[in-house]
file input_22.cif (mmCIF, N, CA and C atoms)
data_protein
#
loop_
_atom_site.label_atom_id
_atom_site.label_comp_id
_atom_site.auth_asym_id
_atom_site.auth_seq_id
_atom_site.Cartn_x
_atom_site.Cartn_y
_atom_site.Cartn_z
N LEU A 291 70.64 84.91 98.19
CA LEU A 291 70.96 86.07 97.36
C LEU A 291 69.72 86.95 97.17
N THR A 292 69.96 88.25 97.15
CA THR A 292 68.86 89.16 96.86
C THR A 292 68.60 89.12 95.36
N LYS A 293 67.49 89.68 94.94
CA LYS A 293 67.16 89.71 93.51
C LYS A 293 68.26 90.42 92.72
N MET A 294 68.76 91.53 93.25
CA MET A 294 69.81 92.28 92.56
C MET A 294 71.09 91.44 92.46
N GLU A 295 71.44 90.77 93.57
CA GLU A 295 72.62 89.92 93.55
C GLU A 295 72.45 88.79 92.55
N GLU A 296 71.26 88.24 92.49
CA GLU A 296 70.95 87.15 91.55
C GLU A 296 71.14 87.63 90.11
N GLU A 297 70.65 88.84 89.81
CA GLU A 297 70.79 89.38 88.46
C GLU A 297 72.26 89.62 88.13
N LEU A 298 73.03 90.15 89.09
CA LEU A 298 74.44 90.39 88.86
C LEU A 298 75.18 89.07 88.64
N PHE A 299 74.78 88.03 89.36
CA PHE A 299 75.42 86.73 89.20
C PHE A 299 75.26 86.26 87.76
N HIS A 300 74.07 86.42 87.20
CA HIS A 300 73.82 85.97 85.85
C HIS A 300 74.56 86.80 84.81
N LYS A 301 74.93 88.02 85.16
CA LYS A 301 75.66 88.88 84.24
C LYS A 301 77.17 88.79 84.44
N THR A 302 77.61 88.08 85.45
CA THR A 302 79.03 87.96 85.73
C THR A 302 79.74 87.27 84.57
N PRO A 303 80.79 87.90 84.03
CA PRO A 303 81.53 87.25 82.94
C PRO A 303 82.03 85.86 83.35
N GLU A 304 81.95 84.93 82.45
CA GLU A 304 82.31 83.54 82.74
C GLU A 304 83.75 83.41 83.24
N GLU A 305 84.66 84.24 82.72
CA GLU A 305 86.06 84.15 83.13
C GLU A 305 86.25 84.50 84.62
N PHE A 306 85.23 85.13 85.23
CA PHE A 306 85.30 85.50 86.64
C PHE A 306 84.75 84.41 87.55
N LEU A 307 84.21 83.35 86.98
CA LEU A 307 83.61 82.28 87.77
C LEU A 307 84.59 81.12 87.96
N CYS A 308 84.65 80.63 89.18
CA CYS A 308 85.50 79.48 89.48
C CYS A 308 84.92 78.25 88.80
N PRO A 309 85.73 77.47 88.08
CA PRO A 309 85.19 76.28 87.41
C PRO A 309 84.80 75.15 88.36
N ILE A 310 85.14 75.28 89.63
CA ILE A 310 84.76 74.27 90.62
C ILE A 310 83.40 74.62 91.23
N THR A 311 83.23 75.88 91.64
CA THR A 311 82.02 76.28 92.35
C THR A 311 81.03 77.06 91.48
N TYR A 312 81.49 77.59 90.37
CA TYR A 312 80.69 78.45 89.50
C TYR A 312 80.26 79.73 90.21
N GLU A 313 81.03 80.13 91.20
CA GLU A 313 80.80 81.40 91.90
C GLU A 313 81.88 82.39 91.47
N ARG A 314 81.54 83.68 91.56
CA ARG A 314 82.52 84.70 91.21
C ARG A 314 83.70 84.62 92.16
N MET A 315 84.89 84.65 91.60
CA MET A 315 86.10 84.53 92.41
C MET A 315 86.40 85.85 93.13
N GLU A 316 86.87 85.72 94.34
CA GLU A 316 87.31 86.87 95.14
C GLU A 316 88.83 86.85 95.30
N ARG A 317 89.40 85.65 95.41
CA ARG A 317 90.85 85.49 95.55
C ARG A 317 91.32 84.47 94.50
N PRO A 318 91.35 84.90 93.22
CA PRO A 318 91.73 83.96 92.17
C PRO A 318 93.21 83.59 92.20
N VAL A 319 93.46 82.32 91.93
CA VAL A 319 94.82 81.83 91.76
C VAL A 319 94.87 81.15 90.40
N ILE A 320 96.07 81.07 89.83
CA ILE A 320 96.24 80.45 88.52
C ILE A 320 97.22 79.29 88.65
N ASP A 321 96.94 78.20 87.92
CA ASP A 321 97.83 77.04 87.97
C ASP A 321 98.81 77.08 86.80
N THR A 322 99.70 76.10 86.75
CA THR A 322 100.73 76.07 85.72
C THR A 322 100.17 75.81 84.32
N TYR A 323 98.91 75.40 84.25
CA TYR A 323 98.27 75.13 82.96
C TYR A 323 97.48 76.34 82.46
N GLY A 324 97.45 77.42 83.25
CA GLY A 324 96.77 78.65 82.85
C GLY A 324 95.31 78.73 83.26
N HIS A 325 94.87 77.83 84.15
CA HIS A 325 93.48 77.84 84.61
C HIS A 325 93.39 78.54 85.96
N SER A 326 92.35 79.35 86.12
CA SER A 326 92.16 80.08 87.36
C SER A 326 91.02 79.48 88.18
N TYR A 327 91.19 79.57 89.50
CA TYR A 327 90.23 79.03 90.46
C TYR A 327 90.15 79.97 91.65
N GLU A 328 89.05 79.86 92.41
CA GLU A 328 88.98 80.52 93.71
C GLU A 328 89.96 79.78 94.62
N GLU A 329 90.80 80.51 95.31
CA GLU A 329 91.88 79.91 96.11
C GLU A 329 91.36 78.83 97.07
N GLU A 330 90.35 79.15 97.84
CA GLU A 330 89.84 78.20 98.83
C GLU A 330 89.33 76.91 98.17
N SER A 331 88.66 77.05 97.05
CA SER A 331 88.08 75.90 96.35
C SER A 331 89.15 74.96 95.80
N ILE A 332 90.18 75.52 95.17
CA ILE A 332 91.22 74.66 94.59
C ILE A 332 92.08 74.03 95.69
N MET A 333 92.26 74.74 96.81
CA MET A 333 93.02 74.16 97.91
C MET A 333 92.30 72.94 98.47
N LYS A 334 90.98 73.05 98.63
CA LYS A 334 90.19 71.91 99.10
C LYS A 334 90.27 70.77 98.10
N TRP A 335 90.17 71.11 96.81
CA TRP A 335 90.22 70.10 95.76
C TRP A 335 91.54 69.32 95.81
N ILE A 336 92.65 70.07 95.85
CA ILE A 336 93.97 69.44 95.86
C ILE A 336 94.17 68.57 97.09
N SER A 337 93.59 68.97 98.22
CA SER A 337 93.75 68.16 99.44
C SER A 337 93.08 66.80 99.29
N LYS A 338 92.09 66.70 98.40
CA LYS A 338 91.38 65.43 98.18
C LYS A 338 91.89 64.69 96.94
N ASP A 339 92.34 65.46 95.94
CA ASP A 339 92.77 64.87 94.67
C ASP A 339 93.86 65.77 94.07
N PRO A 340 95.12 65.34 94.09
CA PRO A 340 96.22 66.20 93.62
C PRO A 340 96.33 66.27 92.09
N ARG A 341 95.18 66.40 91.43
CA ARG A 341 95.16 66.56 89.97
C ARG A 341 94.25 67.73 89.62
N SER A 342 94.56 68.37 88.52
CA SER A 342 93.73 69.48 88.06
C SER A 342 92.32 69.00 87.77
N PRO A 343 91.30 69.74 88.26
CA PRO A 343 89.93 69.34 87.97
C PRO A 343 89.58 69.49 86.49
N LEU A 344 90.37 70.28 85.76
CA LEU A 344 90.08 70.51 84.34
C LEU A 344 90.91 69.63 83.41
N THR A 345 92.18 69.44 83.73
CA THR A 345 93.06 68.68 82.82
C THR A 345 93.39 67.28 83.34
N ARG A 346 93.16 67.05 84.62
CA ARG A 346 93.48 65.78 85.30
C ARG A 346 94.99 65.55 85.39
N GLN A 347 95.77 66.57 85.08
CA GLN A 347 97.23 66.49 85.22
C GLN A 347 97.60 66.74 86.68
N PRO A 348 98.79 66.27 87.12
CA PRO A 348 99.21 66.52 88.50
C PRO A 348 99.17 68.01 88.84
N LEU A 349 98.69 68.31 90.03
CA LEU A 349 98.59 69.70 90.48
C LEU A 349 98.86 69.75 91.97
N HIS A 350 99.76 70.64 92.37
CA HIS A 350 100.15 70.78 93.77
C HIS A 350 99.98 72.23 94.21
N VAL A 351 99.85 72.44 95.49
CA VAL A 351 99.68 73.79 96.05
C VAL A 351 100.80 74.70 95.54
N GLU A 352 102.01 74.16 95.45
CA GLU A 352 103.16 74.95 94.99
C GLU A 352 102.99 75.45 93.55
N ASP A 353 102.10 74.82 92.79
CA ASP A 353 101.87 75.20 91.40
C ASP A 353 100.94 76.40 91.27
N LEU A 354 100.34 76.84 92.36
CA LEU A 354 99.36 77.93 92.32
C LEU A 354 100.01 79.27 92.64
N LYS A 355 99.60 80.28 91.89
CA LYS A 355 100.08 81.64 92.14
C LYS A 355 98.88 82.57 92.12
N GLU A 356 98.96 83.63 92.91
CA GLU A 356 97.88 84.62 92.91
C GLU A 356 97.72 85.18 91.50
N ASN A 357 96.48 85.26 91.03
CA ASN A 357 96.21 85.81 89.70
C ASN A 357 95.79 87.26 89.87
N THR A 358 96.79 88.13 90.03
CA THR A 358 96.52 89.54 90.30
C THR A 358 95.83 90.23 89.13
N GLU A 359 96.17 89.84 87.91
CA GLU A 359 95.54 90.46 86.74
C GLU A 359 94.04 90.18 86.73
N LEU A 360 93.66 88.93 86.98
CA LEU A 360 92.24 88.59 87.01
C LEU A 360 91.55 89.25 88.19
N LYS A 361 92.21 89.30 89.33
CA LYS A 361 91.62 89.94 90.50
C LYS A 361 91.32 91.41 90.22
N GLU A 362 92.25 92.09 89.55
CA GLU A 362 92.04 93.50 89.21
C GLU A 362 90.86 93.66 88.25
N LYS A 363 90.72 92.76 87.28
CA LYS A 363 89.59 92.81 86.34
C LYS A 363 88.27 92.62 87.09
N ILE A 364 88.25 91.66 88.02
CA ILE A 364 87.03 91.40 88.79
C ILE A 364 86.67 92.60 89.65
N GLU A 365 87.67 93.18 90.31
CA GLU A 365 87.42 94.36 91.15
C GLU A 365 86.88 95.52 90.32
N ALA A 366 87.45 95.74 89.14
CA ALA A 366 86.99 96.82 88.27
C ALA A 366 85.55 96.55 87.82
N TRP A 367 85.25 95.30 87.48
CA TRP A 367 83.89 94.93 87.07
C TRP A 367 82.90 95.16 88.21
N LYS A 368 83.31 94.76 89.43
CA LYS A 368 82.43 94.95 90.59
C LYS A 368 82.13 96.43 90.81
N LYS A 369 83.14 97.29 90.67
CA LYS A 369 82.93 98.73 90.86
C LYS A 369 82.00 99.28 89.79
N GLN A 370 82.18 98.85 88.56
CA GLN A 370 81.33 99.32 87.45
C GLN A 370 79.88 98.88 87.64
N ASN A 371 79.71 97.68 88.16
CA ASN A 371 78.38 97.10 88.24
C ASN A 371 77.76 97.21 89.63
N GLY A 372 78.44 97.87 90.55
CA GLY A 372 77.90 98.02 91.88
C GLY A 372 77.79 96.70 92.63
N ALA A 373 78.59 95.71 92.24
CA ALA A 373 78.55 94.39 92.89
C ALA A 373 79.38 94.43 94.17
N PHE A 374 78.85 93.81 95.19
CA PHE A 374 79.53 93.74 96.47
C PHE A 374 80.19 92.39 96.60
N SER A 375 81.20 92.33 97.47
CA SER A 375 81.83 91.04 97.73
C SER A 375 80.82 90.09 98.32
N LYS A 376 80.93 88.82 97.93
CA LYS A 376 80.01 87.83 98.52
C LYS A 376 80.36 87.68 99.99
N GLU A 377 79.35 87.49 100.79
CA GLU A 377 79.56 87.31 102.22
C GLU A 377 79.83 85.85 102.52
N LYS A 378 80.79 85.63 103.41
CA LYS A 378 81.09 84.27 103.85
C LYS A 378 80.18 83.95 105.03
N SER A 379 79.61 82.76 105.05
CA SER A 379 78.77 82.41 106.18
C SER A 379 79.54 81.61 107.19
#
call {"tool": "encode", "arguments": {"input": "input_22.cif", "output": "structure tokens"}}
result
Amino acid sequence: LTKMEEELFHKTPEEFLCPITYERMERPVIDTYGHSYEEESIMKWISKDPRSPLTRQPLHVEDLKENTELKEKIEAWKKQNGAFSKEKS
């Protein structure tokens, strides 16, 4: 990360961070318990352990839905703060 990206990371609202990776979400999904995750991260989690990482209750891919409201908030925050999408390596 560049210094500017590092500073933006520290200012990123907590609700925008995936509770698995602690990275800003780009494709947030929400589970039946109301918790949001980065789609790729929760899919990997469920493939290894079909329970919520936060509640330990059963969790299946079918229980996940795109969290469009959160995605819109993140996109608006990124535009306001000049934050760019994280690059995938």
call {"tool": "resolve_selection", "arguments": {"input": "input_22.cif", "expression": "the PyMOL selection byres ((chain A and resi 330-345) around 8)", "output": "VMD selection string"}}
result
chain A and resid 309 to 311 317 to 319 327 to 329 346 to 351
call {"tool": "atom_distance", "arguments": {"input": "input_22.cif", "atom1": "atom C of Thr322 (chain A)", "atom2": "CA of Lys363 (chain A)"}}
result
20.1 Å
call {"tool": "closest_residue", "arguments": {"input": "input_22.cif", "among": "A:Glu316, A:Asp321, A:Pro303, A:Ser326", "to": "Lys361 (chain A)", "atoms": "only N, CA and C atoms"}}
result
A:Glu316
call {"tool": "select_by_dssp", "arguments": {"input": "input_22.cif", "residues": "region 328-374 of chain A", "states": "strand (DSSP E or B)", "output": "JSON, numbers by chain"}}
result
{"A": [328, 341, 348, 355, 356]}
call {"tool": "axis_aligned_box", "arguments": {"input": "input_22.cif", "around": "region 302-305 of chain A", "padding_each_side": "4 Å", "output": "AutoDock Vina command-line options"}}
result
--center_x 81.9 --center_y 85.7 --center_z 84.1 --size_x 16.6 --size_y 12.7 --size_z 11.3
call {"tool": "resolve_selection", "arguments": {"input": "input_22.cif", "expression": "the PyMOL selection byres ((chain A and resi 305) around 8)", "output": "PDB file with N, CA and C atoms, in the coordinates of the input"}}
result
ATOM      1  N   THR A 302      77.610  88.080  85.450  1.00  0.00           N
ATOM      2  CA  THR A 302      79.030  87.960  85.730  1.00  0.00           C
ATOM      3  C   THR A 302      79.740  87.270  84.570  1.00  0.00           C
ATOM      4  N   PRO A 303      80.790  87.900  84.030  1.00  0.00           N
ATOM      5  CA  PRO A 303      81.530  87.250  82.940  1.00  0.00           C
ATOM      6  C   PRO A 303      82.030  85.860  83.350  1.00  0.00           C
ATOM      7  N   GLU A 304      81.950  84.930  82.450  1.00  0.00           N
ATOM      8  CA  GLU A 304      82.310  83.540  82.740  1.00  0.00           C
ATOM      9  C   GLU A 304      83.750  83.410  83.240  1.00  0.00           C
ATOM     10  N   PHE A 306      85.230  85.130  85.230  1.00  0.00           N
ATOM     11  CA  PHE A 306      85.300  85.500  86.640  1.00  0.00           C
ATOM     12  C   PHE A 306      84.750  84.410  87.550  1.00  0.00           C
ATOM     13  N   LEU A 307      84.210  83.350  86.980  1.00  0.00           N
ATOM     14  CA  LEU A 307      83.610  82.280  87.770  1.00  0.00           C
ATOM     15  C   LEU A 307      84.590  81.120  87.960  1.00  0.00           C
ATOM     16  N   CYS A 308      84.650  80.630  89.180  1.00  0.00           N
ATOM     17  CA  CYS A 308      85.500  79.480  89.480  1.00  0.00           C
ATOM     18  C   CYS A 308      84.920  78.250  88.800  1.00  0.00           C
ATOM     19  N   PRO A 309      85.730  77.470  88.080  1.00  0.00           N
ATOM     20  CA  PRO A 309      85.190  76.280  87.410  1.00  0.00           C
ATOM     21  C   PRO A 309      84.800  75.150  88.360  1.00  0.00           C
ATOM     22  N   ARG A 314      81.540  83.680  91.560  1.00  0.00           N
ATOM     23  CA  ARG A 314      82.520  84.700  91.210  1.00  0.00           C
ATOM     24  C   ARG A 314      83.700  84.620  92.160  1.00  0.00           C
ATOM     25  N   MET A 315      84.890  84.650  91.600  1.00  0.00           N
ATOM     26  CA  MET A 315      86.100  84.530  92.410  1.00  0.00           C
ATOM     27  C   MET A 315      86.400  85.850  93.130  1.00  0.00           C
ATOM     28  N   SER A 326      92.350  79.350  86.120  1.00  0.00           N
ATOM     29  CA  SER A 326      92.160  80.080  87.360  1.00  0.00           C
ATOM     30  C   SER A 326      91.020  79.480  88.180  1.00  0.00           C
ATOM     31  N   LEU A 360      93.660  88.930  86.980  1.00  0.00           N
ATOM     32  CA  LEU A 360      92.240  88.590  87.010  1.00  0.00           C
ATOM     33  C   LEU A 360      91.550  89.250  88.190  1.00  0.00           C
TER      34      LEU A 360
END
call {"tool": "atom_distance", "arguments": {"input": "input_22.cif", "atom1": "atom C of Trp367 (chain A)", "atom2": "CA of Ile320 (chain A)"}}
result
19.9 Å
call {"tool": "decode", "arguments": {"input": "input_22.cif", "residues": "region 304-319 of chain A", "atoms": "all heavy atoms", "output": "mmCIF file, in the first residue's frame"}}
result
data_model
loop_
_atom_site.group_PDB
_atom_site.id
_atom_site.type_symbol
_atom_site.label_atom_id
_atom_site.label_comp_id
_atom_site.auth_asym_id
_atom_site.auth_seq_id
_atom_site.Cartn_x
_atom_site.Cartn_y
_atom_site.Cartn_z
ATOM 1 N N GLU A 304 -15.493 1.330 10.135
ATOM 2 C CA GLU A 304 -15.440 -0.080 10.520
ATOM 3 C C GLU A 304 -16.513 -0.913 9.825
ATOM 4 O O GLU A 304 -16.280 -2.064 9.466
ATOM 5 C CB GLU A 304 -15.575 -0.212 12.038
ATOM 6 C CG GLU A 304 -15.224 -1.601 12.529
ATOM 7 C CD GLU A 304 -15.147 -1.689 14.037
ATOM 8 O OE1 GLU A 304 -14.822 -0.682 14.684
ATOM 9 O OE2 GLU A 304 -15.411 -2.785 14.540
ATOM 10 N N GLU A 305 -17.694 -0.329 9.608
ATOM 11 C CA GLU A 305 -18.774 -1.086 8.970
ATOM 12 C C GLU A 305 -18.437 -1.481 7.524
ATOM 13 O O GLU A 305 -19.076 -2.346 6.951
ATOM 14 C CB GLU A 305 -20.091 -0.307 8.997
ATOM 15 C CG GLU A 305 -20.105 0.911 8.076
ATOM 16 C CD GLU A 305 -21.443 1.618 8.031
ATOM 17 O OE1 GLU A 305 -22.470 0.978 7.715
ATOM 18 O OE2 GLU A 305 -21.457 2.829 8.307
ATOM 19 N N PHE A 306 -17.405 -0.848 6.940
ATOM 20 C CA PHE A 306 -16.990 -1.156 5.578
ATOM 21 C C PHE A 306 -15.925 -2.247 5.528
ATOM 22 O O PHE A 306 -15.516 -2.661 4.452
ATOM 23 C CB PHE A 306 -16.435 0.084 4.879
ATOM 24 C CG PHE A 306 -17.430 1.214 4.713
ATOM 25 C CD1 PHE A 306 -16.993 2.460 4.301
ATOM 26 C CD2 PHE A 306 -18.791 1.054 4.959
ATOM 27 C CE1 PHE A 306 -17.881 3.517 4.129
ATOM 28 C CE2 PHE A 306 -19.685 2.100 4.802
ATOM 29 C CZ PHE A 306 -19.232 3.333 4.385
ATOM 30 N N LEU A 307 -15.458 -2.697 6.684
ATOM 31 C CA LEU A 307 -14.401 -3.706 6.741
ATOM 32 C C LEU A 307 -14.983 -5.100 6.940
ATOM 33 O O LEU A 307 -15.863 -5.302 7.781
ATOM 34 C CB LEU A 307 -13.426 -3.390 7.880
ATOM 35 C CG LEU A 307 -12.744 -2.035 7.832
ATOM 36 C CD1 LEU A 307 -11.854 -1.864 9.053
ATOM 37 C CD2 LEU A 307 -11.956 -1.848 6.547
ATOM 38 N N CYS A 308 -14.472 -6.048 6.178
ATOM 39 C CA CYS A 308 -14.894 -7.435 6.315
ATOM 40 C C CYS A 308 -14.396 -7.971 7.657
ATOM 41 O O CYS A 308 -13.216 -7.818 7.978
ATOM 42 C CB CYS A 308 -14.314 -8.271 5.173
ATOM 43 S SG CYS A 308 -14.659 -10.038 5.320
ATOM 44 N N PRO A 309 -15.259 -8.603 8.457
ATOM 45 C CA PRO A 309 -14.812 -9.123 9.753
ATOM 46 C C PRO A 309 -13.869 -10.327 9.646
ATOM 47 O O PRO A 309 -13.278 -10.723 10.643
ATOM 48 C CB PRO A 309 -16.116 -9.506 10.452
ATOM 49 C CG PRO A 309 -17.097 -9.712 9.364
ATOM 50 C CD PRO A 309 -16.681 -8.799 8.244
ATOM 51 N N ILE A 310 -13.705 -10.868 8.455
ATOM 52 C CA ILE A 310 -12.777 -11.989 8.262
ATOM 53 C C ILE A 310 -11.384 -11.462 7.919
ATOM 54 O O ILE A 310 -10.395 -11.877 8.500
ATOM 55 C CB ILE A 310 -13.277 -12.947 7.161
ATOM 56 C CG1 ILE A 310 -14.609 -13.568 7.572
ATOM 57 C CG2 ILE A 310 -12.237 -14.039 6.862
ATOM 58 C CD1 ILE A 310 -15.300 -14.351 6.475
ATOM 59 N N THR A 311 -11.317 -10.525 6.968
ATOM 60 C CA THR A 311 -10.022 -10.051 6.471
ATOM 61 C C THR A 311 -9.622 -8.680 7.021
ATOM 62 O O THR A 311 -8.461 -8.298 6.904
ATOM 63 C CB THR A 311 -10.049 -9.925 4.937
ATOM 64 O OG1 THR A 311 -11.047 -8.934 4.586
ATOM 65 C CG2 THR A 311 -10.375 -11.251 4.282
ATOM 66 N N TYR A 312 -10.574 -7.943 7.550
ATOM 67 C CA TYR A 312 -10.362 -6.567 8.011
ATOM 68 C C TYR A 312 -9.942 -5.646 6.870
ATOM 69 O O TYR A 312 -9.303 -4.631 7.092
ATOM 70 C CB TYR A 312 -9.372 -6.496 9.182
ATOM 71 C CG TYR A 312 -9.872 -7.281 10.368
ATOM 72 C CD1 TYR A 312 -9.364 -8.532 10.646
ATOM 73 C CD2 TYR A 312 -10.901 -6.779 11.165
ATOM 74 C CE1 TYR A 312 -9.860 -9.277 11.710
ATOM 75 C CE2 TYR A 312 -11.393 -7.514 12.229
ATOM 76 C CZ TYR A 312 -10.865 -8.755 12.501
ATOM 77 O OH TYR A 312 -11.358 -9.494 13.544
ATOM 78 N N GLU A 313 -10.326 -6.002 5.660
ATOM 79 C CA GLU A 313 -10.092 -5.157 4.490
ATOM 80 C C GLU A 313 -11.423 -4.539 4.071
ATOM 81 O O GLU A 313 -12.487 -5.103 4.322
ATOM 82 C CB GLU A 313 -9.538 -5.986 3.330
ATOM 83 C CG GLU A 313 -8.147 -6.512 3.577
ATOM 84 C CD GLU A 313 -7.634 -7.336 2.404
ATOM 85 O OE1 GLU A 313 -8.411 -7.608 1.464
ATOM 86 O OE2 GLU A 313 -6.463 -7.712 2.451
ATOM 87 N N ARG A 314 -11.333 -3.379 3.409
ATOM 88 C CA ARG A 314 -12.543 -2.731 2.927
ATOM 89 C C ARG A 314 -13.220 -3.630 1.900
ATOM 90 O O ARG A 314 -12.588 -4.183 1.005
ATOM 91 C CB ARG A 314 -12.185 -1.379 2.283
ATOM 92 C CG ARG A 314 -13.423 -0.569 1.920
ATOM 93 C CD ARG A 314 -13.069 0.752 1.283
ATOM 94 N NE ARG A 314 -12.452 0.518 -0.016
ATOM 95 C CZ ARG A 314 -11.338 1.100 -0.422
ATOM 96 N NH1 ARG A 314 -10.690 1.936 0.336
ATOM 97 N NH2 ARG A 314 -10.858 0.858 -1.621
ATOM 98 N N MET A 315 -14.518 -3.795 2.055
ATOM 99 C CA MET A 315 -15.270 -4.670 1.157
ATOM 100 C C MET A 315 -15.516 -3.982 -0.185
ATOM 101 O O MET A 315 -15.745 -2.780 -0.243
ATOM 102 C CB MET A 315 -16.606 -5.058 1.800
ATOM 103 C CG MET A 315 -16.443 -5.932 3.024
ATOM 104 S SD MET A 315 -18.018 -6.404 3.790
ATOM 105 C CE MET A 315 -18.236 -5.050 4.952
ATOM 106 N N GLU A 316 -15.436 -4.763 -1.232
ATOM 107 C CA GLU A 316 -15.743 -4.298 -2.586
ATOM 108 C C GLU A 316 -17.049 -4.932 -3.081
ATOM 109 O O GLU A 316 -17.803 -4.314 -3.801
ATOM 110 C CB GLU A 316 -14.605 -4.656 -3.553
ATOM 111 C CG GLU A 316 -13.262 -4.013 -3.190
ATOM 112 C CD GLU A 316 -13.257 -2.509 -3.323
ATOM 113 O OE1 GLU A 316 -13.942 -1.971 -4.219
ATOM 114 O OE2 GLU A 316 -12.577 -1.861 -2.504
ATOM 115 N N ARG A 317 -17.279 -6.178 -2.693
ATOM 116 C CA ARG A 317 -18.502 -6.899 -3.070
ATOM 117 C C ARG A 317 -19.137 -7.470 -1.800
ATOM 118 O O ARG A 317 -19.084 -8.671 -1.544
ATOM 119 C CB ARG A 317 -18.166 -8.012 -4.059
ATOM 120 C CG ARG A 317 -17.687 -7.490 -5.406
ATOM 121 C CD ARG A 317 -17.558 -8.562 -6.479
ATOM 122 N NE ARG A 317 -17.225 -9.877 -6.010
ATOM 123 C CZ ARG A 317 -16.035 -10.465 -6.123
ATOM 124 N NH1 ARG A 317 -15.046 -9.841 -6.707
ATOM 125 N NH2 ARG A 317 -15.826 -11.682 -5.677
ATOM 126 N N PRO A 318 -19.750 -6.594 -0.982
ATOM 127 C CA PRO A 318 -20.318 -7.072 0.273
ATOM 128 C C PRO A 318 -21.570 -7.927 0.079
ATOM 129 O O PRO A 318 -22.385 -7.658 -0.798
ATOM 130 C CB PRO A 318 -20.657 -5.782 1.023
ATOM 131 C CG PRO A 318 -20.835 -4.753 -0.030
ATOM 132 C CD PRO A 318 -19.929 -5.152 -1.162
ATOM 133 N N VAL A 319 -21.649 -8.960 0.894
ATOM 134 C CA VAL A 319 -22.851 -9.790 0.956
ATOM 135 C C VAL A 319 -23.294 -9.808 2.415
ATOM 136 O O VAL A 319 -22.494 -9.595 3.331
ATOM 137 C CB VAL A 319 -22.616 -11.226 0.441
ATOM 138 C CG1 VAL A 319 -22.319 -11.213 -1.048
ATOM 139 C CG2 VAL A 319 -21.502 -11.931 1.204
#
